[in-house]
Amino acid sequence: MYSILLAIGGYVLFGNFWGALLGFLIGGGVDNYQRIQGAARRANGGRRVSPEEMFQYYQQRSTSNDLPTMLMALSAAVMNADGKVLKSELNFVKSFFNQQFGPQFSQQHLQTLKRFLDSNEIPLQRICNDIRMRMQPEVRVQLLHYMFGIAKADGDVSPSEINVISRIADMLGVSRQDFESVKNMFYRNVDSDYKVLGIEPSATDDEVKKAYRKMAIKFHPDKVAQMGEEYEKGAKEKFQKIQDSYDAIKKRRGMK
């Protein structure tokens, strides 16, 4: 009921399809409010919350508010990776959501994040399977960029955070090459520039140029432009790091 009414209201207010879609999503949230609140009351009863209940909660939330719930579940997994939730990580998540969703970012989103942070076990495999069905490969790679941003928020990416993001990448169907490329934008060593381009230091100059062109096409910001300003911003940062790595290799080798 509210989905239809708010979809119409969103179209009238914004005058376009996206306004109608936003209204539909918000209306769906209102329609599902009682069901969600019931799940929340059960989880707050002091007993252990099973992965099955957490996935039901995820499904209830994502029915009306897909993207924020997906991101909150993944955010919580990374934030819990090293056994402590840091203020810098929380601030990173808040900043991302404020820029991505603007006025639509609310206290309810933070409550969703808290539910996942407080859960005994996040059903990552099932959540990642759901995300994998809904999102294109380019967007799933961009999710890794977001998660590494959380891990790097305190200035250092720990091995436990890398392990969690690596597991999530596998569950999302992201290739090892793409994972290593994003990882080496945040966690660097002597071979990082080559790994960003998905090649080995032994690659020829022609192979370096070919790898750069391939990555530049594959991860062009236009690939995720439909996802919103903050996603596009992250994609531009990734694209720039690809360019920086290519320039560093060219300079090191004296390439034209």
# chains A, B, ... in the order shown; residues from 1 in each chain; ligands from 1
call {"tool": "residues_around", "arguments": {"residues": "His145 in chain A", "least_positions_apart": "5", "cutoff": "9 Å", "atoms": "only C-alpha atoms", "output": "list of chain:residue names"}}
result
A:Ile150, A:Val182, A:Lys183, A:Met185, A:Phe186, A:Gly234, A:Ala235, A:Lys238
call {"tool": "residues_around", "arguments": {"residues": "Tyr58 in chain A", "least_positions_apart": "4", "cutoff": "8 Å", "atoms": "only C-alpha atoms", "output": "mmCIF file with N, CA and C atoms, in the first residue's frame"}}
result
data_model
loop_
_atom_site.group_PDB
_atom_site.id
_atom_site.type_symbol
_atom_site.label_atom_id
_atom_site.label_comp_id
_atom_site.auth_asym_id
_atom_site.auth_seq_id
_atom_site.Cartn_x
_atom_site.Cartn_y
_atom_site.Cartn_z
ATOM 1 N N MET A 54 19.566 -14.210 11.752
ATOM 2 C CA MET A 54 20.206 -13.028 11.200
ATOM 3 C C MET A 54 19.942 -12.919 9.707
ATOM 4 N N SER A 62 16.362 -6.168 3.524
ATOM 5 C CA SER A 62 16.762 -5.960 2.141
ATOM 6 C C SER A 62 15.581 -6.008 1.185
ATOM 7 N N THR A 69 21.260 -2.291 3.413
ATOM 8 C CA THR A 69 21.338 -3.486 4.248
ATOM 9 C C THR A 69 22.508 -4.367 3.830
ATOM 10 N N MET A 70 22.707 -4.510 2.530
ATOM 11 C CA MET A 70 23.850 -5.275 2.040
ATOM 12 C C MET A 70 25.155 -4.672 2.568
ATOM 13 N N ALA A 73 25.733 -5.190 6.379
ATOM 14 C CA ALA A 73 26.158 -6.550 6.717
ATOM 15 C C ALA A 73 27.649 -6.736 6.427
ATOM 16 N N ILE A 127 24.301 -14.171 2.479
ATOM 17 C CA ILE A 127 24.172 -12.757 2.105
ATOM 18 C C ILE A 127 24.943 -12.487 0.818
#
call {"tool": "atom_distance", "arguments": {"atom1": "CA of Met135 in chain A", "atom2": "CA of Val224 in chain A"}}
result
10.6 Å
call {"tool": "residues_around", "arguments": {"residues": "Pro159 in chain A", "least_positions_apart": "4", "cutoff": "9 Å", "atoms": "only C-alpha atoms", "output": "PyMOL selection string"}}
result
chain A and resi 82+163-164
call {"tool": "select_by_dssp", "arguments": {"residues": "range 37-223 of chain A", "states": "alpha helix (DSSP H)", "output": "PyMOL selection string"}}
result
chain A and resi 37-43+51-64+66-79+87-101+107-118+124-134+137-152+159-172+176-186+192-196+205-218
call {"tool": "residues_around", "arguments": {"residues": "Asn80 in chain A", "least_positions_apart": "3", "cutoff": "10 Å", "atoms": "only C-alpha atoms", "output": "PyMOL selection string"}}
result
chain A and resi 75-77+83-86+116-118+160-161+164
call {"tool": "write_last_selection", "arguments": {"atoms": "C-alpha atoms", "output": "tab-separated table (two decimals), in the first residue's frame"}}
result
chain	number	residue	atom	x	y	z
A	75	SER	CA	30.61	-3.40	6.95
A	76	ALA	CA	29.98	-5.24	10.20
A	77	ALA	CA	31.98	-8.27	9.03
A	83	GLY	CA	37.93	-8.14	17.39
A	84	LYS	CA	37.34	-4.45	18.00
A	85	VAL	CA	35.13	-1.81	16.41
A	86	LEU	CA	37.01	1.47	16.05
A	116	PHE	CA	24.97	-7.09	12.57
A	117	LEU	CA	27.85	-5.95	14.80
A	118	ASP	CA	26.19	-7.50	17.85
A	160	SER	CA	42.62	-10.41	9.87
A	161	GLU	CA	40.80	-7.71	7.87
A	164	VAL	CA	37.76	-11.44	5.95
call {"tool": "residues_around", "arguments": {"residues": "Glu138 in chain A", "least_positions_apart": "4", "cutoff": "8 Å", "atoms": "only C-alpha atoms", "output": "short mmCIF file (atom, residue, chain, number, x, y, z; two decimals) with N, CA and C atoms, in the first residue's frame"}}
result
data_model
loop_
_atom_site.label_atom_id
_atom_site.label_comp_id
_atom_site.auth_asym_id
_atom_site.auth_seq_id
_atom_site.Cartn_x
_atom_site.Cartn_y
_atom_site.Cartn_z
N GLN A 142 33.63 -3.08 -6.75
CA GLN A 142 33.60 -1.79 -6.07
C GLN A 142 33.28 -1.97 -4.58
N LYS A 218 38.01 -1.98 -17.96
CA LYS A 218 37.21 -2.79 -17.03
C LYS A 218 36.70 -1.99 -15.85
N PHE A 219 37.51 -1.06 -15.34
CA PHE A 219 37.15 -0.34 -14.12
C PHE A 219 36.92 1.15 -14.36
N LYS A 223 31.22 2.52 -15.38
CA LYS A 223 30.67 1.19 -15.14
C LYS A 223 29.72 1.18 -13.92
N VAL A 224 29.96 2.09 -12.96
CA VAL A 224 29.13 2.10 -11.74
C VAL A 224 28.41 3.44 -11.56
#
call {"tool": "closest_residue", "arguments": {"among": "A:Asn91, A:Ser202, A:Gln108, A:Asn184", "to": "Lys241 in chain A", "atoms": "only C-alpha atoms"}}
result
A:Asn184
call {"tool": "atom_distance", "arguments": {"atom1": "CA of Arg167 in chain A", "atom2": "CA of Cys128 in chain A"}}
result
10.2 Å
call {"tool": "closest_residue", "arguments": {"among": "A:Ala81, A:Met72, A:Ile162, A:Ile249", "to": "Ile199 in chain A", "atoms": "only C-alpha atoms"}}
result
A:Ile249
call {"tool": "closest_residue", "arguments": {"among": "A:Arg126, A:Lys195, A:Lys152, A:Arg253", "to": "Leu172 in chain A", "atoms": "only C-alpha atoms"}}
result
A:Arg126
call {"tool": "residues_around", "arguments": {"residues": "Asp170 in chain A", "least_positions_apart": "3", "cutoff": "12 Å", "atoms": "only C-alpha atoms", "output": "list in words"}}
result
Leu124, Gln125, Cys128, Asn129, Arg132, Arg140, Val141, Leu144, Asn163, Val164, Ile165, Ser166, Arg167, Gly173, Val174, Ser175, Arg176, Gln177, Asp178, Phe179 and Glu180 of chain A
call {"tool": "atom_distance", "arguments": {"atom1": "CA of Gln56 in chain A", "atom2": "CA of Ser106 in chain A"}}
result
21.5 Å
